Amino acid sequence: MATKISVSNAFKIFGDNPGAAVELLKSGASKNDIQEKTGQIVGVQNTSFEVKEGEIFVVMGLSGSGKSTLVRMINGLIPATDGKIMIEGSDIASCSRQQLRDIRRRKVAMVFQHFALLPHKTVADNVAFGLKIKGMGAAERRKKAEEALAQVGLESWADSYPDELSGGMQQRVGLARGIATEAEILLMDEPFSALDPLIRRDMQEELLELQRSLKKTIVFITHDLNEALILGDHIAIMKDGRFVQVGSAEEIVGQPADDYVAAFTADIDRSRVFTAGSVAAPAEAIDLRSGGARDAIERMQALGRDALYVTDGERIAGAVTYRDLTAAAREDDGAALKEALISDYPAASRTTQLFELYPLAQSGLPIALVSRRGRLEGVVSPEAVFAKLAGSEEEAA
Amino acid sequence: MASPADILTIPLDDWVNTVVRDWLVPNFRPAFRAMQWPITQVLQGLEWVLQTTPMLVFTVLLALVAWRTAGRGVAIFTLVSLAFIDMIGLWPQTMTTLAMIVTAVFFCTIIGVPVGILAASSDRFQSFIRPVLDIMQTIPSFVYLVPIVMLFGVGMVPGIIATIIFALPPIIRLTNLGIRNVRGDLIEAGHAFGATRWQMLVEIQFPLALRTVMAGLNQTLMLALSMAVIAALIGAGGLGLVVNTGLGRLDVGGATAGGVGIVIIAIILDRITQALGEKRAPGHVTLWSTIRGYFSRPAAEPAGEPERAG
């Protein structure tokens with residue numbers, strides 16, 4: 001997929017002599033050294049990343065880590081001191097004011113932490129704000145605003161004023177305003193931080209839901225790692241104006257780059273980060289056509305398991321347990337396997353999150369990971385789930 | 001005792017006399033006279049309207065405006081007090097004063113709002129304009145009455161010019177303040193969606209500053225009214241002249257009647273403009289939207305279908 005945003009070696013120094021600070025940073029000085037020596041404040045240092053089309057790139061960091069500065073550098077609200085910031089091939093740092101305005105009108109929309117809705121305009125006019133700035137006619141503007149409002153479920157509030165809406169609804173208006181301009185890039189600066197935890201949860205799900213149909217390229221800023229893990233295709237952890245680690249949710253939680261990241265991930269709900277695929281054991285199964293009950297018992301003994309999946313060609317036929325089979329195997333060998341078959345086996349897919357496996361583990365059987373075409377891709381034992389949750393990688397593998 | 005005056009005396013008065021009498025007046029009198037032209041036009045038009053409108057019609061109209069903006073109480077006060085002015089025989093003078101005041105405030109707004117906007121957008125301009133405004137507000141008006149007479153002559157329009165000088169500062173200050181106080185994240189939102197400076201001003205800054213600007217307008221109006229008597233000294237008529245005449249003849253009653261007229265006009269205009277400022281508070285139901293609400297809902301249903309088809 002095409003690269004929408006590309007930031008390379010971006011620096012932002014606040015102060016009257018930024019050039020000197022950049023040189024010092026490049027020669028290895030730290031943020032605090034520079035503040036002591038030169039009085040310059042480092043906002044963002046030597047940051048590079050790319051965001052692909054349709055991807056949610058989450059930047060997570062605590063306050064003062066430079067994450068809000070970074071997102072504003074992408075649309076030039078804060079000009080970069082050094083480095084390149086390309087949006088669909090045009091460099092934000094070197095283009096004219098007219099070009100920059102044009103990029104903001106057509107390519108990049110923004111959603112703000114405190115909504116930044118205009119209190120003197122109705123909800124519909126707020127949503128249409130970006131369109132009015134672009135110079136679109138009133139009727140068309142209204143139509144597009146209503147469409148955007150419908151997408152966030154607020155079409156009946158078009159003629160209300162922002163102060164009549166709750167916080168969550170106001171941010172939906174903010175989101176609709178971002179969507180209405182049809183810009184393909186959406187910058188979201190801590191959009192859900194000012195909301196109650198429950199509403200925040202709803203909004204996160206709504207955003208993911210919307211994203212499935214809109215396929216925007218989103219840069220999402222947050223100070224909440226849980227939020228980052230839920231939303232992000234890629235997540236960057238930021239500290240002192242730098243990226244400490246960039247990776248997928250599983251990479252961040254599974255292999256934290258340093259103690260700083262590890263401290264964050266320590267109290268994360270791991271069951272919502274890892275998928276069944278990450279704890280799956282290879283798909284050991286016995287085929288109905290080629291093996292009998294005795295073969296199955298031998299396989300189980302060899303593997304040290306007390307249950308085994310049985311396939312019928314490509315398809316899964318069911319599962320057998322060691323106990324059932326040893327009882328049945330005294331009799332006829334060929335039919336015993338078929339007779340002992342449990343067709344009501346627990347099944348999930350590789351992308352199922354661990355917390356969704358809990359109820360499946362009740363059956364006592366290992367959980368089958370089934371592909372979309374019905375093939376057995378792996379087996380998850382409840383022990384492996386617990387091991388992953390506890391964070392001990394060796395056992396889970 | 002020794003004093004600095006032993007070493008050097010500065011003939012400031014002579015200097016000013018020289019500059020004004022020998023340089024400014026002979027060289028620039030025509031230019032200043034030309035500046036009167038727009039003020040004269042507005043004033044004459046306004047006074048003609050106010051003097052020809054029958055007293056009852058005007059009273060009812062102003063009471064209606066007061067009712068719409070400031071509520072029933074102010075409307076009743078307007079009716080009663082304007083009737084009182086008519087009964088004490090000062091109706092024509094009151095209309096003259098009103099024409100004068102409204103003209104002065106009109107020009108204060110035309111000058112003050114753009115200057116305030118400029119001051120809000122440039123720190124350098126603000127630091128230049130601030131001492132100028134301080135001087136305009138603190139210098140006794142009698143000081144500039146004489147040069148005004150020299151440059152513009154006597155009459156209503158020079159009186160209005162003196163009023164403008166005195167009443168201009170608040171609207172400039174409060175326009176500046178209102179625009180500077182607009183929330184930073186709203187300005188940022190404007191930038192983020194690619195607003196030009198003009199769009200930023202029209203769509204975000206001015207509408208949000210409007211409440212403060214209206215407070216400035218109210219202050220300007222009150223200051224203009226307080227100049228009514230002083231402006232009468234250089235030939236502006238109206239209630240100010242009534243007060244001055246009473247003063248000159250030791251006619252306590254006449255002066256009081258004129259004073260009461262000014263106070264009544266002041267109260268009415270103050271309440272109306274204050275209410276205007278509050279009504280413009282962001283995000284509240286306007287009269288127009290209420291009226292629209294009565295009609296739009298039943299009409300929406302039958303109109304809905306063909307709209308979708310087209």
# chains A, B, ... in the order shown; residues from 1 in each chain; ligands from 1
>>> closest_atom_pairs(of="region 18-102 of chain A", to="region 109-115 of chain A", cutoff="10 Å", atoms="only C-alpha atoms", output="Markdown table")
| residue | atom | partner | partner_atom | distance |
| --- | --- | --- | --- | --- |
| A:Val71 | CA | A:Met110 | CA | 9.5 |
| A:Arg72 | CA | A:Met110 | CA | 9.3 |
| A:Asn75 | CA | A:Ala109 | CA | 8.6 |
>>> interface_residues(of="chain A", to="chain B", cutoff="6 Å", atoms="only C-alpha atoms", output="NGL selection string")
:A and (101 or 104-105 or 116 or 119-120 or 130 or 133 or 161)
>>> write_last_selection(atoms="all heavy atoms", output="PDB file, in the first residue's frame")
ATOM      1  N   ARG A 101      -1.873  25.573   3.123  1.00  0.00           N
ATOM      2  CA  ARG A 101      -3.294  25.749   3.348  1.00  0.00           C
ATOM      3  C   ARG A 101      -4.084  24.743   2.518  1.00  0.00           C
ATOM      4  O   ARG A 101      -5.050  24.158   2.976  1.00  0.00           O
ATOM      5  CB  ARG A 101      -3.682  27.175   2.962  1.00  0.00           C
ATOM      6  CG  ARG A 101      -4.717  27.722   3.863  1.00  0.00           C
ATOM      7  CD  ARG A 101      -4.826  29.216   3.937  1.00  0.00           C
ATOM      8  NE  ARG A 101      -4.445  29.940   2.765  1.00  0.00           N
ATOM      9  CZ  ARG A 101      -3.725  31.057   2.808  1.00  0.00           C
ATOM     10  NH1 ARG A 101      -3.309  31.524   3.949  1.00  0.00           N
ATOM     11  NH2 ARG A 101      -3.425  31.696   1.718  1.00  0.00           N
ATOM     12  N   ARG A 104      -3.917  21.344   4.020  1.00  0.00           N
ATOM     13  CA  ARG A 104      -4.789  21.248   5.193  1.00  0.00           C
ATOM     14  C   ARG A 104      -6.254  21.173   4.792  1.00  0.00           C
ATOM     15  O   ARG A 104      -7.070  20.557   5.471  1.00  0.00           O
ATOM     16  CB  ARG A 104      -4.577  22.458   6.098  1.00  0.00           C
ATOM     17  CG  ARG A 104      -3.263  22.427   6.832  1.00  0.00           C
ATOM     18  CD  ARG A 104      -3.091  23.713   7.566  1.00  0.00           C
ATOM     19  NE  ARG A 104      -1.819  23.797   8.256  1.00  0.00           N
ATOM     20  CZ  ARG A 104      -1.361  24.928   8.771  1.00  0.00           C
ATOM     21  NH1 ARG A 104      -2.066  26.026   8.668  1.00  0.00           N
ATOM     22  NH2 ARG A 104      -0.208  24.943   9.390  1.00  0.00           N
ATOM     23  N   ARG A 105      -6.612  21.831   3.703  1.00  0.00           N
ATOM     24  CA  ARG A 105      -8.008  21.826   3.281  1.00  0.00           C
ATOM     25  C   ARG A 105      -8.415  20.507   2.645  1.00  0.00           C
ATOM     26  O   ARG A 105      -9.557  20.093   2.753  1.00  0.00           O
ATOM     27  CB  ARG A 105      -8.253  22.943   2.265  1.00  0.00           C
ATOM     28  CG  ARG A 105      -8.265  24.300   2.900  1.00  0.00           C
ATOM     29  CD  ARG A 105      -8.482  25.349   1.855  1.00  0.00           C
ATOM     30  NE  ARG A 105      -8.459  26.669   2.467  1.00  0.00           N
ATOM     31  CZ  ARG A 105      -8.710  27.780   1.808  1.00  0.00           C
ATOM     32  NH1 ARG A 105      -8.996  27.739   0.538  1.00  0.00           N
ATOM     33  NH2 ARG A 105      -8.666  28.938   2.425  1.00  0.00           N
ATOM     34  N   ALA A 116     -12.711  21.444  20.317  1.00  0.00           N
ATOM     35  CA  ALA A 116     -12.533  22.673  19.531  1.00  0.00           C
ATOM     36  C   ALA A 116     -13.689  22.919  18.575  1.00  0.00           C
ATOM     37  O   ALA A 116     -13.493  23.280  17.424  1.00  0.00           O
ATOM     38  CB  ALA A 116     -11.197  22.649  18.777  1.00  0.00           C
ATOM     39  N   PRO A 119     -18.559  27.422  19.310  1.00  0.00           N
ATOM     40  CA  PRO A 119     -19.795  27.485  20.093  1.00  0.00           C
ATOM     41  C   PRO A 119     -20.894  28.315  19.441  1.00  0.00           C
ATOM     42  O   PRO A 119     -22.053  28.165  19.786  1.00  0.00           O
ATOM     43  CB  PRO A 119     -19.345  28.114  21.414  1.00  0.00           C
ATOM     44  CG  PRO A 119     -18.066  28.788  21.117  1.00  0.00           C
ATOM     45  CD  PRO A 119     -17.431  28.053  19.990  1.00  0.00           C
ATOM     46  N   HIS A 120     -20.531  29.181  18.483  1.00  0.00           N
ATOM     47  CA  HIS A 120     -21.548  30.039  17.878  1.00  0.00           C
ATOM     48  C   HIS A 120     -22.158  29.421  16.624  1.00  0.00           C
ATOM     49  O   HIS A 120     -23.005  30.023  15.987  1.00  0.00           O
ATOM     50  CB  HIS A 120     -20.957  31.401  17.538  1.00  0.00           C
ATOM     51  CG  HIS A 120     -19.814  31.329  16.575  1.00  0.00           C
ATOM     52  ND1 HIS A 120     -18.568  30.857  16.937  1.00  0.00           N
ATOM     53  CD2 HIS A 120     -19.720  31.633  15.273  1.00  0.00           C
ATOM     54  CE1 HIS A 120     -17.774  30.894  15.892  1.00  0.00           C
ATOM     55  NE2 HIS A 120     -18.436  31.364  14.860  1.00  0.00           N
ATOM     56  N   GLY A 130     -14.948  22.876   7.657  1.00  0.00           N
ATOM     57  CA  GLY A 130     -13.846  22.656   6.725  1.00  0.00           C
ATOM     58  C   GLY A 130     -14.286  22.844   5.275  1.00  0.00           C
ATOM     59  O   GLY A 130     -13.513  23.309   4.441  1.00  0.00           O
ATOM     60  N   ILE A 133     -14.591  26.561   4.554  1.00  0.00           N
ATOM     61  CA  ILE A 133     -13.243  27.110   4.361  1.00  0.00           C
ATOM     62  C   ILE A 133     -12.754  26.804   2.945  1.00  0.00           C
ATOM     63  O   ILE A 133     -12.109  27.607   2.300  1.00  0.00           O
ATOM     64  CB  ILE A 133     -12.279  26.515   5.410  1.00  0.00           C
ATOM     65  CG1 ILE A 133     -12.664  26.960   6.819  1.00  0.00           C
ATOM     66  CG2 ILE A 133     -10.833  26.869   5.112  1.00  0.00           C
ATOM     67  CD1 ILE A 133     -12.569  28.435   7.059  1.00  0.00           C
ATOM     68  N   TYR A 161     -26.835  23.273  19.160  1.00  0.00           N
ATOM     69  CA  TYR A 161     -25.535  23.911  19.370  1.00  0.00           C
ATOM     70  C   TYR A 161     -24.650  22.978  20.182  1.00  0.00           C
ATOM     71  O   TYR A 161     -25.150  22.171  20.974  1.00  0.00           O
ATOM     72  CB  TYR A 161     -25.716  25.252  20.076  1.00  0.00           C
ATOM     73  CG  TYR A 161     -26.198  26.314  19.129  1.00  0.00           C
ATOM     74  CD1 TYR A 161     -27.553  26.521  18.905  1.00  0.00           C
ATOM     75  CD2 TYR A 161     -25.286  27.087  18.411  1.00  0.00           C
ATOM     76  CE1 TYR A 161     -27.996  27.472  18.006  1.00  0.00           C
ATOM     77  CE2 TYR A 161     -25.711  28.038  17.512  1.00  0.00           C
ATOM     78  CZ  TYR A 161     -27.067  28.224  17.310  1.00  0.00           C
ATOM     79  OH  TYR A 161     -27.494  29.154  16.412  1.00  0.00           O
TER      80      TYR A 161
END
>>> residues_around(residues="Pro147 (chain B)", least_positions_apart="3", cutoff="12 Å", atoms="only C-alpha atoms", output="list in words")
Val16, Asn17, Thr18, Val19, Val20, Arg21, Asp22, Leu24, Val25, Arg29, Phe32, Ser141, Phe142, Val143, Tyr144, Met150, Leu151, Phe152, Gly153, Val154, Pro158, Ile161, Ala162 and Ile234 of chain B
>>> write_last_selection(atoms="N, CA and C atoms", output="short mmCIF file (atom, residue, chain, number, x, y, z; two decimals), in the first residue's frame")
data_model
loop_
_atom_site.label_atom_id
_atom_site.label_comp_id
_atom_site.auth_asym_id
_atom_site.auth_seq_id
_atom_site.Cartn_x
_atom_site.Cartn_y
_atom_site.Cartn_z
N VAL B 16 2.79 74.97 21.31
CA VAL B 16 1.53 74.40 20.85
C VAL B 16 0.74 75.45 20.07
N ASN B 17 0.74 76.68 20.62
CA ASN B 17 0.05 77.76 19.92
C ASN B 17 0.58 77.92 18.51
N THR B 18 1.91 77.91 18.40
CA THR B 18 2.53 78.09 17.09
C THR B 18 2.11 76.97 16.15
N VAL B 19 2.24 75.73 16.64
CA VAL B 19 1.94 74.59 15.78
C VAL B 19 0.48 74.64 15.33
N VAL B 20 -0.43 74.84 16.28
CA VAL B 20 -1.84 74.77 15.94
C VAL B 20 -2.27 76.00 15.12
N ARG B 21 -1.94 77.20 15.66
CA ARG B 21 -2.48 78.41 15.04
C ARG B 21 -1.77 78.77 13.74
N ASP B 22 -0.43 78.62 13.75
CA ASP B 22 0.33 79.12 12.60
C ASP B 22 0.61 78.06 11.55
N LEU B 24 -0.94 74.28 11.65
CA LEU B 24 -2.02 73.31 11.43
C LEU B 24 -3.25 73.98 10.82
N VAL B 25 -3.71 75.07 11.45
CA VAL B 25 -4.97 75.67 11.02
C VAL B 25 -4.87 76.24 9.59
N ARG B 29 -6.75 73.33 7.34
CA ARG B 29 -8.16 73.57 7.60
C ARG B 29 -9.07 72.95 6.54
N PHE B 32 -9.35 69.21 7.08
CA PHE B 32 -10.19 68.87 8.23
C PHE B 32 -11.66 69.13 7.93
N SER B 141 -11.49 67.03 28.14
CA SER B 141 -12.03 67.31 26.81
C SER B 141 -11.96 68.80 26.46
N PHE B 142 -11.96 69.65 27.51
CA PHE B 142 -11.88 71.09 27.22
C PHE B 142 -10.60 71.45 26.48
N VAL B 143 -9.54 70.65 26.69
CA VAL B 143 -8.26 70.94 26.05
C VAL B 143 -8.38 70.83 24.54
N TYR B 144 -9.10 69.82 24.05
CA TYR B 144 -9.16 69.72 22.60
C TYR B 144 -10.38 70.40 21.99
N MET B 150 -11.14 75.65 16.15
CA MET B 150 -10.27 76.31 15.17
C MET B 150 -10.27 75.57 13.84
N LEU B 151 -10.24 74.25 13.91
CA LEU B 151 -10.11 73.45 12.69
C LEU B 151 -11.45 73.20 12.02
N PHE B 152 -12.47 72.98 12.82
CA PHE B 152 -13.75 72.55 12.24
C PHE B 152 -14.84 73.61 12.37
N GLY B 153 -14.57 74.65 13.15
CA GLY B 153 -15.61 75.63 13.39
C GLY B 153 -16.52 75.19 14.52
N VAL B 154 -17.68 75.85 14.67
CA VAL B 154 -18.62 75.46 15.72
C VAL B 154 -19.83 74.78 15.09
N PRO B 158 -18.61 69.50 14.76
CA PRO B 158 -17.45 69.57 15.66
C PRO B 158 -17.76 68.95 17.03
N ILE B 161 -17.35 65.35 16.63
CA ILE B 161 -15.93 64.96 16.54
C ILE B 161 -15.31 64.89 17.93
N ALA B 162 -15.61 65.89 18.76
CA ALA B 162 -15.11 65.86 20.14
C ALA B 162 -15.64 64.62 20.86
N ILE B 234 -19.60 73.86 22.24
CA ILE B 234 -19.09 74.33 20.96
C ILE B 234 -20.19 74.26 19.90
#
>>> residues_around(residues="Gln170 (chain A)", least_positions_apart="4", cutoff="10 Å", atoms="only C-alpha atoms", output="list in words")
His114, Phe115, Ala116, Leu117, Val123, Leu154, Tyr161, Pro162, Asp163, Glu164, Leu165, Ser166, Gly174, Leu175 and Ala176 of chain A
>>> closest_residue(among="B:Leu118, B:Val80, B:Met100, B:Leu133", to="Val60 (chain B)", atoms="only C-alpha atoms")
B:Val80
>>> residues_around(residues="Ala139 (chain A)", least_positions_apart="6", cutoff="12 Å", atoms="only C-alpha atoms", output="MDAnalysis selection string")
chainID A and resid 124:125 128 131:132 145:146
>>> atom_distance(atom1="CA of Leu365 (chain A)", atom2="CA of Val273 (chain A)")
23.4 Å
>>> select_by_dssp(residues="region 140-257 of chain A", states="strand (DSSP E or B)", output="ChimeraX atom specification")
/A:185-189,217-222,234-239,242-247
>>> residues_around(residues="region 227-233 of chain A", least_positions_apart="4", cutoff="8 Å", atoms="only C-alpha atoms", output="VMD selection string")
chain A and resid 55 to 60 204 208 222 248 to 249 272 to 273
>>> atom_distance(atom1="CA of Ala275 (chain B)", atom2="CA of Leu174 (chain B)")
16.8 Å
>>> select_by_dssp(residues="region 82-316 of chain A", states="alpha helix (DSSP H)", output="PyMOL selection string")
chain A and resi 97-106+123-127+129-134+138-151+167-180+197-214+225-231+249-254+259-265+293-303
>>> write_last_selection(atoms="C-alpha atoms", output="CSV table (one decimal), in the first residue's frame")
chain,number,residue,atom,x,y,z
A,97,ARG,CA,1.8,29.1,2.8
A,98,GLN,CA,-0.7,28.7,0.0
A,99,GLN,CA,0.3,25.1,-0.6
A,100,LEU,CA,0.2,24.3,3.1
A,101,ARG,CA,-3.3,25.7,3.3
A,102,ASP,CA,-4.3,23.6,0.4
A,103,ILE,CA,-2.9,20.5,2.0
A,104,ARG,CA,-4.8,21.2,5.2
A,105,ARG,CA,-8.0,21.8,3.3
A,106,ARG,CA,-7.9,18.7,1.1
A,123,VAL,CA,-23.6,21.2,14.9
A,124,ALA,CA,-24.2,21.0,11.1
A,125,ASP,CA,-22.3,24.2,10.6
A,126,ASN,CA,-19.4,23.0,12.7
A,127,VAL,CA,-19.2,19.8,10.7
A,129,PHE,CA,-16.7,24.2,8.7
A,130,GLY,CA,-13.8,22.7,6.7
A,131,LEU,CA,-16.1,22.6,3.6
A,132,LYS,CA,-16.9,26.3,4.0
A,133,ILE,CA,-13.2,27.1,4.4
A,134,LYS,CA,-12.7,25.2,1.1
A,138,ALA,CA,-24.2,26.2,1.2
A,139,ALA,CA,-26.5,23.4,0.0
A,140,GLU,CA,-23.8,21.0,-0.9
A,141,ARG,CA,-22.1,21.8,2.4
A,142,ARG,CA,-25.2,21.0,4.3
A,143,LYS,CA,-25.7,17.7,2.5
A,144,LYS,CA,-22.2,16.5,3.2
A,145,ALA,CA,-22.4,17.6,6.8
A,146,GLU,CA,-25.6,15.6,7.2
A,147,GLU,CA,-23.9,12.6,5.6
A,148,ALA,CA,-21.0,12.9,8.0
A,149,LEU,CA,-23.3,13.3,11.0
A,150,ALA,CA,-25.2,10.2,10.0
A,151,GLN,CA,-22.0,8.3,10.0
A,167,GLY,CA,-18.8,15.3,25.8
A,168,GLY,CA,-18.9,12.1,23.8
A,169,MET,CA,-21.4,13.5,21.3
A,170,GLN,CA,-19.3,16.7,21.0
A,171,GLN,CA,-16.3,14.6,20.1
A,172,ARG,CA,-18.4,12.7,17.5
A,173,VAL,CA,-19.1,16.1,16.0
A,174,GLY,CA,-15.4,16.7,16.0
A,175,LEU,CA,-14.9,13.4,14.3
A,176,ALA,CA,-17.7,14.2,11.7
A,177,ARG,CA,-16.0,17.5,11.0
A,178,GLY,CA,-12.8,15.6,10.2
A,179,ILE,CA,-14.6,13.1,8.0
A,180,ALA,CA,-16.7,15.7,6.2
A,197,PRO,CA,-13.8,5.8,30.7
A,198,LEU,CA,-17.1,4.1,29.6
A,199,ILE,CA,-17.7,6.6,26.8
A,200,ARG,CA,-14.1,6.4,25.8
A,201,ARG,CA,-14.5,2.6,25.3
A,202,ASP,CA,-17.6,3.1,23.1
A,203,MET,CA,-15.8,5.8,21.1
A,204,GLN,CA,-12.8,3.5,20.5
A,205,GLU,CA,-15.1,0.8,19.2
A,206,GLU,CA,-17.0,3.3,17.1
A,207,LEU,CA,-13.8,4.6,15.6
A,208,LEU,CA,-12.7,1.1,14.6
A,209,GLU,CA,-16.2,0.4,13.2
A,210,LEU,CA,-16.0,3.6,11.1
A,211,GLN,CA,-12.5,2.9,10.0
A,212,ARG,CA,-13.6,-0.4,8.5
A,213,SER,CA,-15.7,1.5,6.0
A,214,LEU,CA,-13.7,4.8,5.7
A,225,LEU,CA,-1.4,2.4,26.3
A,226,ASN,CA,-4.6,0.3,26.5
A,227,GLU,CA,-6.1,2.6,24.0
A,228,ALA,CA,-3.0,2.4,21.8
A,229,LEU,CA,-3.1,-1.4,21.9
A,230,ILE,CA,-6.8,-1.5,21.0
A,231,LEU,CA,-6.6,0.9,18.1
A,249,ALA,CA,0.6,-4.4,19.9
A,250,GLU,CA,1.9,-7.9,20.3
A,251,GLU,CA,5.5,-6.8,19.7
A,252,ILE,CA,5.2,-3.9,22.2
A,253,VAL,CA,3.8,-6.1,24.9
A,254,GLY,CA,5.6,-9.3,24.0
A,259,ASP,CA,12.6,-1.0,31.0
A,260,TYR,CA,10.6,2.2,30.2
A,261,VAL,CA,8.3,0.3,27.8
A,262,ALA,CA,8.2,-2.7,30.0
A,263,ALA,CA,7.0,-0.6,32.9
A,264,PHE,CA,4.1,0.5,30.8
A,265,THR,CA,3.2,-2.9,29.6
A,293,ALA,CA,-7.9,-45.9,17.8
A,294,ARG,CA,-4.6,-47.5,18.6
A,295,ASP,CA,-2.6,-45.1,16.4
A,296,ALA,CA,-4.4,-42.2,18.1
A,297,ILE,CA,-3.5,-43.5,21.6
A,298,GLU,CA,0.1,-43.9,20.6
A,299,ARG,CA,0.2,-40.4,19.2
A,300,MET,CA,-1.2,-39.0,22.4
A,301,GLN,CA,1.2,-40.9,24.5
A,302,ALA,CA,4.1,-39.7,22.3
A,303,LEU,CA,2.9,-36.1,22.5
>>> closest_residue(among="A:Met188, A:Ala183, A:Val44, A:Ala236", to="Ser65 (chain A)", atoms="only C-alpha atoms")
A:Val44
